[in-house]
$ cat model-v2.cif   # mmCIF, N, CA and C atoms
data_final
#
loop_
_atom_site.label_atom_id
_atom_site.label_comp_id
_atom_site.auth_asym_id
_atom_site.auth_seq_id
_atom_site.Cartn_x
_atom_site.Cartn_y
_atom_site.Cartn_z
N MET A 16 -52.57 -44.73 -2.83
CA MET A 16 -53.49 -45.64 -3.47
C MET A 16 -52.86 -47.03 -3.50
N ARG A 17 -53.67 -48.01 -3.19
CA ARG A 17 -53.18 -49.39 -3.25
C ARG A 17 -53.17 -49.88 -4.69
N LEU A 18 -52.30 -50.84 -4.97
CA LEU A 18 -52.18 -51.39 -6.32
C LEU A 18 -53.50 -51.99 -6.79
N THR A 19 -54.19 -52.71 -5.92
CA THR A 19 -55.47 -53.30 -6.31
C THR A 19 -56.50 -52.23 -6.67
N ASP A 20 -56.47 -51.09 -5.96
CA ASP A 20 -57.36 -49.98 -6.29
C ASP A 20 -57.03 -49.40 -7.66
N PHE A 21 -55.73 -49.27 -7.96
CA PHE A 21 -55.31 -48.76 -9.26
C PHE A 21 -55.76 -49.70 -10.38
N LEU A 22 -55.60 -50.98 -10.18
CA LEU A 22 -56.02 -51.96 -11.19
C LEU A 22 -57.53 -51.90 -11.42
N GLN A 23 -58.28 -51.74 -10.35
CA GLN A 23 -59.72 -51.64 -10.49
C GLN A 23 -60.11 -50.33 -11.19
N LEU A 24 -59.40 -49.26 -10.91
CA LEU A 24 -59.65 -47.97 -11.55
C LEU A 24 -59.43 -48.05 -13.06
N THR A 25 -58.43 -48.81 -13.49
CA THR A 25 -58.10 -48.93 -14.91
C THR A 25 -58.87 -50.06 -15.60
N ASN A 26 -59.74 -50.71 -14.89
CA ASN A 26 -60.46 -51.87 -15.40
C ASN A 26 -61.20 -51.59 -16.71
N ASP A 27 -61.81 -50.44 -16.85
CA ASP A 27 -62.62 -50.13 -18.03
C ASP A 27 -61.81 -49.55 -19.19
N LEU A 28 -60.52 -49.36 -19.01
CA LEU A 28 -59.69 -48.79 -20.08
C LEU A 28 -59.36 -49.85 -21.12
N ASN A 29 -59.18 -49.42 -22.34
CA ASN A 29 -58.74 -50.27 -23.43
C ASN A 29 -57.34 -50.78 -23.12
N ASN A 30 -57.01 -52.01 -23.51
CA ASN A 30 -55.69 -52.59 -23.21
C ASN A 30 -54.55 -51.88 -23.91
N GLN A 31 -54.83 -51.11 -24.96
CA GLN A 31 -53.78 -50.37 -25.67
C GLN A 31 -53.63 -48.94 -25.16
N THR A 32 -54.34 -48.58 -24.11
CA THR A 32 -54.25 -47.24 -23.53
C THR A 32 -52.87 -47.04 -22.91
N ASN A 33 -52.21 -45.94 -23.26
CA ASN A 33 -50.92 -45.59 -22.65
C ASN A 33 -51.16 -44.99 -21.28
N LEU A 34 -50.29 -45.33 -20.33
CA LEU A 34 -50.43 -44.83 -18.96
C LEU A 34 -49.45 -43.70 -18.69
N TYR A 35 -49.94 -42.65 -18.05
CA TYR A 35 -49.13 -41.48 -17.74
C TYR A 35 -49.31 -41.11 -16.27
N LEU A 36 -48.29 -40.48 -15.71
CA LEU A 36 -48.34 -39.92 -14.37
C LEU A 36 -48.50 -38.41 -14.51
N THR A 37 -49.16 -37.78 -13.57
CA THR A 37 -49.24 -36.33 -13.56
C THR A 37 -48.34 -35.83 -12.44
N ILE A 38 -47.29 -35.10 -12.82
CA ILE A 38 -46.34 -34.54 -11.86
C ILE A 38 -46.21 -33.06 -12.16
N ASP A 39 -46.50 -32.23 -11.18
CA ASP A 39 -46.46 -30.77 -11.36
C ASP A 39 -47.28 -30.33 -12.56
N GLN A 40 -48.46 -30.89 -12.71
CA GLN A 40 -49.41 -30.59 -13.78
C GLN A 40 -48.89 -30.91 -15.17
N LYS A 41 -47.92 -31.82 -15.26
CA LYS A 41 -47.39 -32.28 -16.54
C LYS A 41 -47.63 -33.78 -16.65
N ALA A 42 -48.07 -34.24 -17.82
CA ALA A 42 -48.26 -35.66 -18.06
C ALA A 42 -46.93 -36.28 -18.46
N ILE A 43 -46.46 -37.22 -17.65
CA ILE A 43 -45.17 -37.88 -17.88
C ILE A 43 -45.43 -39.38 -18.03
N PRO A 44 -44.84 -40.02 -19.05
CA PRO A 44 -45.10 -41.44 -19.29
C PRO A 44 -44.71 -42.33 -18.10
N LEU A 45 -45.60 -43.26 -17.76
CA LEU A 45 -45.31 -44.28 -16.76
C LEU A 45 -44.54 -45.37 -17.48
N ALA A 46 -43.24 -45.50 -17.17
CA ALA A 46 -42.37 -46.39 -17.93
C ALA A 46 -42.02 -47.70 -17.22
N LYS A 47 -41.97 -47.66 -15.90
CA LYS A 47 -41.57 -48.86 -15.14
C LYS A 47 -42.40 -48.96 -13.86
N VAL A 48 -42.48 -50.18 -13.35
CA VAL A 48 -43.16 -50.43 -12.09
C VAL A 48 -42.26 -51.31 -11.25
N LYS A 49 -42.04 -50.90 -10.01
CA LYS A 49 -41.25 -51.70 -9.08
C LYS A 49 -42.16 -52.10 -7.93
N ILE A 50 -42.27 -53.41 -7.71
CA ILE A 50 -43.16 -53.92 -6.67
C ILE A 50 -42.34 -54.68 -5.64
N THR A 51 -42.53 -54.31 -4.37
CA THR A 51 -41.91 -55.03 -3.26
C THR A 51 -43.03 -55.59 -2.39
N SER A 52 -42.67 -56.21 -1.30
CA SER A 52 -43.69 -56.78 -0.42
C SER A 52 -44.48 -55.70 0.31
N THR A 53 -43.96 -54.48 0.36
CA THR A 53 -44.64 -53.42 1.10
C THR A 53 -45.02 -52.20 0.28
N ALA A 54 -44.57 -52.11 -0.97
CA ALA A 54 -44.83 -50.91 -1.75
C ALA A 54 -44.85 -51.19 -3.25
N CYS A 55 -45.42 -50.25 -3.98
CA CYS A 55 -45.43 -50.27 -5.43
C CYS A 55 -44.99 -48.90 -5.90
N LEU A 56 -43.93 -48.85 -6.69
CA LEU A 56 -43.36 -47.58 -7.14
C LEU A 56 -43.55 -47.46 -8.64
N PHE A 57 -44.20 -46.36 -9.06
CA PHE A 57 -44.36 -46.06 -10.48
C PHE A 57 -43.22 -45.14 -10.89
N ILE A 58 -42.48 -45.53 -11.93
CA ILE A 58 -41.29 -44.80 -12.35
C ILE A 58 -41.53 -44.18 -13.73
N PRO A 59 -41.38 -42.86 -13.84
CA PRO A 59 -41.57 -42.21 -15.14
C PRO A 59 -40.40 -42.48 -16.07
N GLY A 60 -40.63 -42.30 -17.36
CA GLY A 60 -39.58 -42.51 -18.35
C GLY A 60 -39.97 -41.87 -19.67
N LYS A 61 -39.37 -42.35 -20.75
CA LYS A 61 -39.60 -41.75 -22.06
C LYS A 61 -40.78 -42.38 -22.80
N LYS A 62 -40.96 -43.70 -22.69
CA LYS A 62 -42.01 -44.39 -23.42
C LYS A 62 -43.01 -44.99 -22.42
N PRO A 63 -44.30 -44.66 -22.57
CA PRO A 63 -45.29 -45.16 -21.60
C PRO A 63 -45.61 -46.64 -21.77
N LEU A 64 -45.92 -47.27 -20.66
CA LEU A 64 -46.45 -48.62 -20.69
C LEU A 64 -47.89 -48.57 -21.15
N THR A 65 -48.32 -49.59 -21.85
CA THR A 65 -49.75 -49.73 -22.14
C THR A 65 -50.39 -50.46 -20.97
N LYS A 66 -51.69 -50.39 -20.88
CA LYS A 66 -52.38 -51.11 -19.82
C LYS A 66 -52.08 -52.60 -19.90
N ASP A 67 -52.02 -53.14 -21.13
CA ASP A 67 -51.74 -54.56 -21.32
C ASP A 67 -50.36 -54.94 -20.77
N LYS A 68 -49.35 -54.15 -21.07
CA LYS A 68 -47.99 -54.42 -20.58
C LYS A 68 -47.94 -54.29 -19.06
N PHE A 69 -48.64 -53.30 -18.54
CA PHE A 69 -48.69 -53.10 -17.09
C PHE A 69 -49.29 -54.32 -16.39
N ILE A 70 -50.42 -54.80 -16.91
CA ILE A 70 -51.09 -55.96 -16.33
C ILE A 70 -50.19 -57.19 -16.37
N LYS A 71 -49.46 -57.38 -17.47
CA LYS A 71 -48.56 -58.53 -17.57
C LYS A 71 -47.43 -58.43 -16.56
N LEU A 72 -46.95 -57.22 -16.27
CA LEU A 72 -45.89 -57.05 -15.27
C LEU A 72 -46.38 -57.34 -13.86
N VAL A 73 -47.60 -56.93 -13.60
CA VAL A 73 -48.17 -57.10 -12.27
C VAL A 73 -48.68 -58.50 -12.10
#

$ encode --input "model-v2.cif" --output "structure tokens"
Amino acid sequence: MRLTDFLQLTNDLNNQTNLYLTIDQKAIPLAKVKITSTACLFIPGKKPLTKDKFIKLV
């Protein structure tokens, strides 16, 4: 999925919504985002980013 597609998908979410990744059918908090010129990497962690924090990072 492209980053722009992800942003459009989350467009209708509340800005305080916590973001999670699903890995092996487990919800794991999306804690960090690494963006390069060719890729976007979502990194799991202990505390989830909110949509608002995610948008500010991007």

$ residues_around --input "model-v2.cif" --residues "region 18-29 of chain A" --least-positions-apart "6" --cutoff "10 Å" --atoms "only C-alpha atoms" --output "ChimeraX atom specification"
/A:50,54-56,65-67,69-70,73

$ select_by_dssp --input "model-v2.cif" --residues "chain A" --states "strand (DSSP E)" --output "ChimeraX atom specification"
/A:35-38,41-50,55-59

$ atom_distance --input "model-v2.cif" --atom1 "CA of Asp39 (chain A)" --atom2 "CA of Leu64 (chain A)"
20.1 Å

$ atom_distance --input "model-v2.cif" --atom1 "atom C of Pro59 (chain A)" --atom2 "atom N of Leu45 (chain A)"
5.5 Å

$ atom_distance --input "model-v2.cif" --atom1 "atom C of Ala46 (chain A)" --atom2 "atom C of Ile58 (chain A)"
5.0 Å

$ axis_aligned_box --input "model-v2.cif" --around "region 60-68 of chain A" --padding-each-side "8 Å" --output "lines of an AutoDock Vina configuration file"
center_x = -45.9
center_y = -48.3
center_z = -20.4
size_x = 29.0
size_y = 29.2
size_z = 22.1
